[in-house]
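Raw contents of entry35.txt, compact mmCIF, C-alpha atoms:
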```txt
# COMPACT_ATOMS: atom_id res chain seq x y z
CA MET K 1 -23.83 14.29 4.08
CA LEU K 2 -23.47 17.72 5.75
CA GLN K 3 -21.03 16.23 8.25
CA THR K 4 -18.91 14.83 5.42
CA SER K 5 -18.90 18.22 3.66
CA SER K 6 -17.90 19.93 6.91
CA THR K 7 -15.06 17.45 7.45
CA PHE K 8 -13.76 18.12 3.93
CA ARG K 9 -13.75 21.90 4.57
CA GLN K 10 -11.93 21.49 7.88
CA MET K 11 -9.25 19.23 6.42
CA PRO K 12 -5.87 21.03 6.27
CA THR K 13 -4.72 21.99 2.76
CA GLY K 14 -1.50 20.03 3.22
CA ILE K 15 -3.47 16.77 3.54
CA TRP K 16 -5.25 17.44 0.25
CA ILE K 17 -1.99 18.22 -1.54
CA LEU K 18 -0.27 15.12 -0.15
CA GLY K 19 -3.26 13.14 -1.41
CA PHE K 20 -2.98 14.58 -4.93
CA VAL K 21 0.79 13.95 -4.93
CA SER K 22 0.10 10.31 -4.06
CA MET K 23 -2.60 10.18 -6.75
CA LEU K 24 -0.26 11.38 -9.52
CA MET K 25 2.51 8.98 -8.50
CA ASP K 26 0.05 6.10 -8.36
CA VAL K 27 -1.19 6.94 -11.86
CA SER K 28 2.42 6.66 -13.00
CA SER K 29 3.18 3.47 -11.08
CA GLU K 30 -0.06 1.62 -11.83
CA MET K 31 0.14 2.30 -15.55
CA ILE K 32 3.23 0.11 -15.38
CA HIS K 33 2.36 -2.33 -12.59
CA SER K 34 -1.01 -3.29 -14.09
CA LEU K 35 0.79 -4.49 -17.23
CA LEU K 36 4.14 -5.58 -15.81
CA PRO K 37 3.26 -9.21 -14.88
CA LEU K 38 1.87 -9.72 -18.41
CA PHE K 39 4.93 -8.06 -19.96
CA MET K 40 7.28 -10.21 -17.89
CA VAL K 41 5.51 -13.52 -18.54
CA GLY K 42 4.37 -12.91 -22.12
CA THR K 43 7.16 -10.76 -23.61
CA LEU K 44 10.24 -11.63 -21.54
CA GLY K 45 9.28 -15.27 -20.82
CA VAL K 46 9.62 -15.01 -17.03
CA SER K 47 8.12 -17.77 -14.81
CA VAL K 48 5.33 -17.00 -12.32
CA PHE K 49 7.71 -17.95 -9.51
CA MET K 50 10.15 -15.29 -10.72
CA VAL K 51 7.30 -12.76 -10.90
CA GLY K 52 6.49 -13.55 -7.27
CA LEU K 53 10.16 -13.30 -6.28
CA ILE K 54 10.66 -9.95 -8.03
CA GLU K 55 7.42 -8.56 -6.59
CA GLY K 56 8.31 -9.80 -3.13
CA LEU K 57 11.82 -8.33 -3.28
CA ALA K 58 10.53 -5.03 -4.67
CA GLU K 59 7.72 -4.53 -2.18
CA SER K 60 9.72 -5.72 0.82
CA THR K 61 12.59 -3.42 -0.21
CA ALA K 62 10.20 -0.46 -0.09
CA LEU K 63 8.92 -1.41 3.32
CA ILE K 64 12.39 -2.09 4.75
CA VAL K 65 13.78 1.23 3.47
CA LYS K 66 10.89 2.97 5.28
CA PHE K 67 12.47 1.85 8.55
CA PHE K 68 15.57 3.96 7.96
CA SER K 69 13.85 6.92 6.26
CA GLY K 70 11.30 7.19 9.06
CA ALA K 71 14.01 7.21 11.72
CA LEU K 72 16.04 9.74 9.73
CA SER K 73 13.03 12.05 9.46
CA ASP K 74 12.67 11.95 13.26
CA TYR K 75 16.35 12.73 13.78
CA LEU K 76 16.52 15.59 11.25
CA GLY K 77 13.04 16.93 11.92
CA LYS K 78 12.69 17.28 8.12
CA ARG K 79 10.08 14.99 6.64
CA LYS K 80 9.31 16.85 3.38
CA ALA K 81 12.89 16.75 2.06
CA LEU K 82 13.00 12.96 2.36
CA ALA K 83 9.56 12.67 0.76
CA VAL K 84 10.72 14.79 -2.22
CA CYS K 85 13.82 12.61 -2.58
CA GLY K 86 11.72 9.43 -2.58
CA TYR K 87 9.18 10.69 -5.11
CA THR K 88 11.98 11.90 -7.39
CA LEU K 89 13.70 8.50 -7.38
CA GLY K 90 10.37 6.81 -8.14
CA ALA K 91 9.75 9.12 -11.10
CA LEU K 92 13.25 8.65 -12.53
CA SER K 93 13.00 4.84 -12.36
CA LYS K 94 10.09 4.72 -14.83
CA PRO K 95 12.08 4.96 -18.11
CA LEU K 96 13.95 1.74 -17.21
CA PHE K 97 10.73 -0.27 -17.64
CA ALA K 98 10.32 1.10 -21.17
CA ILE K 99 13.82 0.06 -22.27
CA ALA K 100 13.93 -3.28 -20.39
CA SER K 101 14.98 -6.29 -22.47
CA ALA K 102 15.88 -8.70 -19.66
CA THR K 103 14.71 -9.73 -16.21
CA GLU K 104 17.70 -8.04 -14.59
CA ILE K 105 16.66 -4.60 -15.89
CA ILE K 106 13.09 -5.12 -14.67
CA LEU K 107 14.40 -6.13 -11.24
CA THR K 108 16.67 -3.06 -11.12
CA ALA K 109 13.82 -0.77 -12.12
CA ARG K 110 11.42 -2.30 -9.58
CA LEU K 111 14.01 -2.04 -6.81
CA LEU K 112 14.80 1.62 -7.62
CA ASP K 113 11.11 2.44 -7.81
CA ARG K 114 10.41 0.74 -4.48
CA VAL K 115 13.48 2.27 -2.80
CA GLY K 116 11.94 5.62 -3.75
CA LYS K 117 8.65 4.51 -2.25
CA GLY K 118 10.47 3.39 0.88
CA ILE K 119 12.26 6.71 1.27
CA ARG K 120 9.05 8.72 0.98
CA GLY K 121 6.56 6.44 2.73
CA ALA K 122 7.25 6.79 6.45
CA PRO K 123 8.12 10.53 6.35
CA ARG K 124 4.95 11.22 4.34
CA ASP K 125 2.75 9.24 6.75
CA ALA K 126 4.38 10.99 9.71
CA LEU K 127 3.80 14.32 7.92
CA VAL K 128 0.09 13.48 7.58
CA ALA K 129 -0.05 12.72 11.32
CA ASP K 130 1.83 15.97 12.07
CA ILE K 131 -0.50 18.14 9.95
CA ALA K 132 -3.87 16.55 10.82
CA PRO K 133 -5.69 17.44 14.06
CA PRO K 134 -5.87 14.34 16.35
CA SER K 135 -9.69 14.30 16.17
CA MET K 136 -9.51 14.03 12.35
CA ARG K 137 -6.52 11.73 12.02
CA GLY K 138 -8.48 8.71 10.79
CA ALA K 139 -10.34 10.86 8.25
CA ALA K 140 -7.04 12.44 7.11
CA PHE K 141 -5.40 9.08 6.47
CA GLY K 142 -8.58 7.88 4.79
CA LEU K 143 -8.70 10.93 2.51
CA ARG K 144 -5.03 10.60 1.51
CA GLN K 145 -5.55 6.89 0.88
CA SER K 146 -8.68 7.57 -1.19
CA LEU K 147 -6.88 10.07 -3.42
CA ASP K 148 -3.90 7.71 -3.66
CA THR K 149 -6.24 4.96 -4.80
CA VAL K 150 -7.97 7.20 -7.35
CA GLY K 151 -4.57 7.21 -9.04
CA ALA K 152 -4.38 3.46 -8.63
CA PHE K 153 -7.46 2.97 -10.80
CA LEU K 154 -6.85 5.86 -13.20
CA GLY K 155 -3.42 4.38 -14.01
CA PRO K 156 -4.71 0.98 -15.21
CA LEU K 157 -7.59 2.75 -16.99
CA LEU K 158 -5.12 4.86 -18.95
CA ALA K 159 -3.05 1.74 -19.60
CA VAL K 160 -6.08 -0.03 -21.10
CA GLY K 161 -6.91 2.91 -23.35
CA LEU K 162 -3.35 3.26 -24.60
CA MET K 163 -2.94 -0.49 -25.11
CA LEU K 164 -6.06 -0.51 -27.29
CA LEU K 165 -4.94 2.64 -29.12
CA TRP K 166 -1.38 1.42 -29.70
CA ALA K 167 -2.03 -2.28 -30.40
CA ASN K 168 -0.65 -3.69 -27.12
CA ASP K 169 2.58 -1.66 -27.23
CA PHE K 170 3.76 -2.14 -23.64
CA ARG K 171 6.85 0.04 -23.99
CA ALA K 172 4.97 3.07 -25.33
CA VAL K 173 2.61 2.94 -22.34
CA PHE K 174 5.58 2.72 -19.99
CA TRP K 175 7.07 5.91 -21.52
CA VAL K 176 3.83 7.85 -20.98
CA ALA K 177 3.89 6.80 -17.30
CA VAL K 178 6.95 9.04 -16.74
CA ILE K 179 4.85 12.25 -17.05
CA PRO K 180 2.53 11.99 -13.98
CA GLY K 181 5.50 10.88 -11.87
CA LEU K 182 7.36 14.10 -12.61
CA LEU K 183 4.20 16.16 -11.96
CA ALA K 184 3.90 14.54 -8.50
CA VAL K 185 7.42 15.67 -7.60
CA ALA K 186 6.72 19.25 -8.70
CA LEU K 187 3.45 19.44 -6.71
CA LEU K 188 5.08 18.18 -3.52
CA LEU K 189 8.10 20.46 -3.90
CA PHE K 190 6.09 23.66 -4.34
CA GLY K 191 2.74 22.86 -2.71
CA VAL K 192 3.40 21.35 0.73
CA HIS K 193 4.69 23.38 3.69
CA GLU K 194 6.09 21.43 6.62
CA PRO K 195 4.91 22.36 10.15
CA LYS K 196 7.40 24.74 11.77
CA GLN K 197 8.07 22.48 14.75
CA HIS K 198 9.65 19.92 12.41
CA LEU K 199 11.96 22.24 10.50
CA GLY K 200 15.65 22.13 11.31
CA LYS K 201 15.20 20.56 14.72
CA LYS K 202 17.50 17.68 15.60
CA ARG K 203 16.17 15.17 18.08
CA THR K 204 17.41 12.19 20.02
CA VAL K 205 18.73 9.25 17.98
CA PRO K 206 15.59 7.19 17.13
CA ILE K 207 17.28 3.82 16.45
CA HIS K 208 18.53 3.50 19.99
CA LYS K 209 17.54 1.22 22.85
CA GLU K 210 16.31 4.10 24.98
CA SER K 211 14.19 5.56 22.16
CA LEU K 212 12.76 2.23 21.00
CA SER K 213 11.81 1.36 24.59
CA ARG K 214 9.30 4.22 24.42
CA LEU K 215 7.30 2.22 21.85
CA ASN K 216 4.84 0.42 24.13
CA GLY K 217 3.07 -2.92 24.03
CA GLU K 218 0.02 -1.54 22.22
CA TYR K 219 2.27 -0.31 19.41
CA TRP K 220 4.01 -3.69 19.09
CA TRP K 221 0.62 -5.40 18.93
CA VAL K 222 -0.23 -3.18 15.93
CA VAL K 223 3.09 -4.17 14.34
CA GLY K 224 2.37 -7.87 14.86
CA ILE K 225 -1.15 -7.79 13.47
CA GLY K 226 0.06 -5.72 10.50
CA ALA K 227 2.64 -8.40 9.67
CA VAL K 228 0.02 -11.15 9.76
CA PHE K 229 -2.22 -9.04 7.49
CA THR K 230 0.65 -8.83 4.99
CA LEU K 231 1.17 -12.61 5.05
CA ALA K 232 -2.51 -13.06 4.31
CA ARG K 233 -2.49 -10.54 1.45
CA PHE K 234 0.35 -11.22 -0.99
CA SER K 235 1.29 -9.12 -4.03
CA GLU K 236 -1.55 -7.86 -6.21
CA ALA K 237 0.38 -9.17 -9.25
CA PHE K 238 -1.38 -12.48 -8.54
CA LEU K 239 -4.77 -10.83 -9.10
CA VAL K 240 -3.62 -9.79 -12.58
CA LEU K 241 -2.39 -13.32 -13.34
CA ARG K 242 -5.69 -14.80 -12.10
CA ALA K 243 -7.56 -12.50 -14.49
CA GLN K 244 -5.35 -13.73 -17.35
CA GLN K 245 -6.32 -17.33 -16.58
CA GLY K 246 -9.96 -16.39 -17.11
CA GLY K 247 -9.30 -15.60 -20.76
CA ILE K 248 -9.71 -11.83 -20.48
CA PRO K 249 -7.99 -10.09 -23.45
CA VAL K 250 -4.53 -8.77 -22.52
CA ALA K 251 -5.44 -5.14 -23.23
CA LEU K 252 -8.45 -5.34 -20.87
CA ILE K 253 -6.82 -7.13 -17.94
CA PRO K 254 -5.79 -3.85 -16.24
CA LEU K 255 -9.54 -3.16 -15.85
CA VAL K 256 -9.46 -5.77 -13.09
CA MET K 257 -7.14 -3.51 -11.10
CA VAL K 258 -9.31 -0.53 -12.01
CA ALA K 259 -12.26 -2.30 -10.38
CA MET K 260 -10.28 -3.10 -7.23
CA ASN K 261 -8.85 0.37 -6.84
CA LEU K 262 -12.16 2.07 -7.60
CA VAL K 263 -13.75 0.15 -4.73
CA TYR K 264 -10.69 0.89 -2.57
CA ALA K 265 -10.85 4.62 -3.36
CA VAL K 266 -14.57 4.89 -2.64
CA SER K 267 -14.36 2.96 0.64
CA ALA K 268 -11.11 4.28 2.19
CA TYR K 269 -12.37 7.69 3.32
CA PRO K 270 -15.71 6.52 4.82
CA PHE K 271 -13.96 3.72 6.71
CA GLY K 272 -11.26 6.19 7.78
CA ARG K 273 -13.92 8.46 9.28
CA LEU K 274 -15.62 5.45 10.86
CA SER K 275 -12.34 4.49 12.55
CA ASP K 276 -12.41 7.79 14.47
CA SER K 277 -15.52 6.60 16.33
CA MET K 278 -15.47 2.77 16.14
CA SER K 279 -13.46 0.03 17.86
CA HIS K 280 -10.32 -0.49 15.82
CA SER K 281 -10.19 -4.21 16.63
CA MET K 282 -13.76 -4.67 15.42
CA LEU K 283 -13.08 -2.85 12.15
CA LEU K 284 -9.90 -4.88 11.57
CA SER K 285 -11.83 -8.10 12.21
CA LEU K 286 -14.51 -7.14 9.70
CA GLY K 287 -11.75 -6.33 7.20
CA LEU K 288 -10.31 -9.82 7.62
CA VAL K 289 -13.73 -11.40 7.07
CA VAL K 290 -13.94 -9.53 3.77
CA LEU K 291 -10.42 -10.69 2.78
CA ILE K 292 -11.34 -14.32 3.53
CA ALA K 293 -14.38 -13.94 1.28
CA ALA K 294 -12.20 -12.44 -1.48
CA ASP K 295 -9.67 -15.30 -1.32
CA LEU K 296 -12.39 -17.95 -1.40
CA VAL K 297 -14.14 -16.36 -4.38
CA LEU K 298 -10.85 -16.14 -6.31
CA ALA K 299 -9.97 -19.74 -5.39
CA ILE K 300 -13.25 -21.28 -6.60
CA ASN K 301 -12.65 -20.66 -10.32
CA ASP K 302 -11.20 -18.15 -12.80
CA HIS K 303 -14.43 -17.07 -14.52
CA TRP K 304 -14.24 -13.34 -15.16
CA LEU K 305 -17.29 -12.63 -12.98
CA ASN K 306 -15.62 -14.45 -10.09
CA VAL K 307 -12.41 -12.53 -10.65
CA VAL K 308 -14.22 -9.17 -10.67
CA LEU K 309 -16.15 -10.06 -7.48
CA GLY K 310 -12.98 -11.28 -5.79
CA VAL K 311 -10.94 -8.18 -6.57
CA ALA K 312 -13.86 -5.92 -5.54
CA LEU K 313 -13.94 -7.63 -2.14
CA TRP K 314 -10.15 -7.28 -2.00
CA GLY K 315 -10.61 -3.52 -2.57
CA ILE K 316 -13.16 -3.24 0.26
CA HIS K 317 -10.73 -5.03 2.58
CA MET K 318 -7.98 -2.55 1.66
CA GLY K 319 -10.29 0.40 2.24
CA MET K 320 -11.25 -0.94 5.66
CA THR K 321 -7.77 -1.72 6.95
CA GLN K 322 -4.91 0.25 5.36
CA GLY K 323 -5.74 3.74 6.63
CA LEU K 324 -6.82 2.20 9.94
CA LEU K 325 -3.46 0.53 10.53
CA ALA K 326 -1.69 3.83 9.74
CA THR K 327 -3.95 5.61 12.23
CA MET K 328 -3.28 2.97 14.89
CA VAL K 329 0.49 3.43 14.47
CA ALA K 330 0.11 7.20 14.91
CA ASN K 331 -2.09 6.77 17.98
CA THR K 332 0.23 4.34 19.77
CA ALA K 333 3.60 6.03 19.09
CA PRO K 334 5.12 9.19 20.66
CA SER K 335 4.85 12.18 18.29
CA ASP K 336 8.63 12.62 18.06
CA LEU K 337 9.08 8.96 17.11
CA ARG K 338 6.30 8.67 14.52
CA GLY K 339 8.71 8.35 11.60
CA THR K 340 10.58 5.59 13.40
CA ALA K 341 7.31 3.92 14.39
CA TYR K 342 6.13 3.80 10.76
CA GLY K 343 9.57 2.59 9.72
CA VAL K 344 9.61 -0.31 12.18
CA PHE K 345 6.02 -1.21 11.28
CA ASN K 346 6.87 -1.33 7.58
CA PHE K 347 10.18 -3.13 8.12
CA ILE K 348 8.35 -6.05 9.75
CA ALA K 349 5.62 -5.93 7.12
CA GLY K 350 8.31 -5.92 4.41
CA LEU K 351 9.77 -9.20 5.62
CA ALA K 352 6.24 -10.64 5.68
CA MET K 353 5.59 -9.36 2.12
CA LEU K 354 8.73 -11.02 0.79
CA ALA K 355 7.81 -14.34 2.41
CA ALA K 356 4.17 -14.13 1.28
CA SER K 357 4.95 -13.34 -2.37
CA VAL K 358 7.64 -16.01 -2.71
CA VAL K 359 5.42 -18.66 -1.12
CA ALA K 360 2.49 -17.57 -3.29
CA GLY K 361 4.62 -17.93 -6.44
CA LEU K 362 5.83 -21.40 -5.42
CA LEU K 363 2.29 -22.55 -4.60
CA TRP K 364 1.00 -21.15 -7.91
CA ASP K 365 3.66 -22.93 -10.00
CA ASN K 366 3.44 -26.27 -8.15
CA LEU K 367 -0.14 -26.58 -6.85
CA GLY K 368 -2.12 -24.07 -8.88
CA ALA K 369 -3.78 -20.70 -8.40
CA SER K 370 -6.67 -22.01 -6.30
CA PHE K 371 -4.35 -23.44 -3.64
CA THR K 372 -2.56 -20.07 -3.46
CA PHE K 373 -5.77 -18.21 -2.62
CA TYR K 374 -6.95 -20.91 -0.20
CA THR K 375 -3.64 -20.47 1.65
CA GLY K 376 -4.23 -16.70 1.82
CA ALA K 377 -7.64 -17.38 3.36
CA GLY K 378 -6.00 -19.67 5.92
CA PHE K 379 -3.59 -16.92 7.04
CA SER K 380 -6.55 -14.54 7.29
CA VAL K 381 -8.35 -16.98 9.61
CA LEU K 382 -5.25 -17.10 11.83
CA ALA K 383 -5.13 -13.30 11.98
CA LEU K 384 -8.83 -13.16 12.79
CA GLY K 385 -8.30 -15.64 15.61
CA GLY K 386 -5.55 -13.41 17.04
CA LEU K 387 -7.85 -10.38 16.99
CA VAL K 388 -10.65 -12.30 18.74
CA LEU K 389 -8.23 -13.55 21.40
CA LYS K 390 -6.93 -10.01 21.96
CA ALA K 391 -10.48 -8.68 22.32
CA ARG K 392 -11.35 -11.37 24.90
CA ARG K 393 -8.24 -10.63 26.95
CA SER K 394 -9.00 -6.91 26.90
CA THR K 395 -12.56 -7.60 28.07
CA GLN K 396 -11.34 -9.86 30.88
CA ALA K 397 -8.78 -7.24 31.97
CA ARG K 398 -11.49 -4.57 32.18
CA MET K 399 -13.76 -6.87 34.18
CA THR K 400 -11.05 -7.71 36.74
CA SER K 401 -9.83 -4.13 37.15
```
Could I get this structure in the form of structure tokens?
Amino acid sequence: MLQTSSTFRQMPTGIWILGFVSMLMDVSSEMIHSLLPLFMVGTLGVSVFMVGLIEGLAESTALIVKFFSGALSDYLGKRKALAVCGYTLGALSKPLFAIASATEIILTARLLDRVGKGIRGAPRDALVADIAPPSMRGAAFGLRQSLDTVGAFLGPLLAVGLMLLWANDFRAVFWVAVIPGLLAVALLLFGVHEPKQHLGKKRTVPIHKESLSRLNGEYWWVVGIGAVFTLARFSEAFLVLRAQQGGIPVALIPLVMVAMNLVYAVSAYPFGRLSDSMSHSMLLSLGLVVLIAADLVLAINDHWLNVVLGVALWGIHMGMTQGLLATMVANTAPSDLRGTAYGVFNFIAGLAMLAASVVAGLLWDNLGASFTFYTGAGFSVLALGGLVLKARRSTQARMTS
């Protein structure tokens, strides 16, 4: 307990502020995202396949844009400016959800929102790695992720309260979501100071054969395993739809995401600290075991207790793996190419997210929800097999050297 308190005191102020910025934006986003699948299916009459397609396009767009924003932040040596631009675009996209009357407007709003996320994501992660001491990097990513996820459960919680207060008025809730988004932009603009070595310093062109060749085999292994993780874990919109199948009242369904993100928030920092002293491959493997358990629980039936248990396990998996993968990228990439490294990582993961969400939507519409989650478990088993094989090869290499 004393060690945890000491780690908190030693954490740079910039990490805390970046965490609170993420928290406010997640409050804004999750107030909308926790209700959006229900709004699309119930109010606009959109099919589940279309929900999967829109979610896949939106999330993959964010991850693909990170590729270019990360590289640009390396070239300019200015990460904060790009982060401010991305958070601003995300905040300004929110009113479109409130006025949406057709699928096309929802798609436009989701794409603008996720483009904003893409612009800010890689520069922000690189900024965390720049600010945090190397010995505390795992804890720093874990802390930022924990605060981010506090917003991810406060958002749905606010959505539930407002839905009950305003008799399921989706659009009114969407308007309220604009406020925390604008507060996030203001806090980042005035509260975070970029390290001097990254201000106004142009560097070599990151998206260049010579620069990319400096990303070694260990880095590309992290990219590959991250892509397989994304295939195994499709859009969280499907968790919301699974909860709806269980007969949970519409106004209370966002509580399912509250449960997941509460578990995620509580677990991200401890697992982040653990990653500073534990084998990364072992922790990733344990995270996959938890994801397999979550998929199987959600596949068995749609009883509300099963759904709550499944999403709680999903949250533990996220807490174990998301900050860890970010730390592994930082540890395997040159410091002047961190933005590019996060961009490439998220570009590959974006393609995997698009494929995973589209396939999940098709499976759901044609074979049912259970088959969708069983397929997710199957991809998780494949990823786990890859980690075990990698560990064996590493052991054999050490024994022969």
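If all atoms listed in the file are the atoms counted, then among K:Ser357, K:Ser279, K:Leu164, K:Phe170 the closest residue to Gly42 in chain K is K:Phe170.
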With 5 Å of padding per side, what axis-aligned box (centre and edge lengths, Å, one decimal) covers all the listed atoms of range 366-384 of chain K? Give it as JSON.
```
{"center_x": -2.7, "center_y": -19.9, "center_z": 2.0, "size_x": 22.3, "size_y": 23.4, "size_z": 31.7}
```
Among the residues K:Gln145, K:Thr332, K:Thr321, K:Ser60, the one that comes closest to Ala356 in chain K [using all atoms listed in the file]: K:Ser60
Point-to-point distance in Å for CA of Leu286 in chain K and CA of Leu305 in chain K: 23.5 Å
Straight-line distance linking CA of Ser34 in chain K with CA of Pro254 in chain K, stated in Å to one decimal: 5.3 Å
Long-range neighbours of Ser370 in chain K as a list in words, 8 Å cut-off, only C-alpha atoms, 5 positions minimum in chain: Leu298, Ala299, Ile300, Asn301 and Trp364 of chain K
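Interatomic distance, CA of Ile348 in chain K against CA of Lys66 in chain K: 10.4 Å.
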Counting all atoms listed in the file, the residue of K:Ala109, K:Ala251, K:Ala139, K:Leu82 that sits nearest Leu158 in chain K: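 Ranking K:Ala109, K:Ala251, K:Ala139, K:Leu82 by distance to Leu158 in chain K, first place goes to K:Ala251.
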Sel. within 12 Å of pt (4.0, -13.6, -13.5), counting all atoms listed in the file, output as an MDAnalysis selection string: chainID K and resid 33:56 103 235:245 357:358 360:362 364:365 369
Point (-0.1, -7.4, 10.8), cut-off 9 Å, counting only C-alpha atoms, residues as a ChimeraX atom specification: /K:221-232,325,345,348-349,352,383
Spatial neighbours of Ile17 in chain K, max dist 8 Å, all atoms listed in the file, sep filter under 4 positions, as a VMD selection string: chain K and resid 13 21 187 to 188 191 to 192
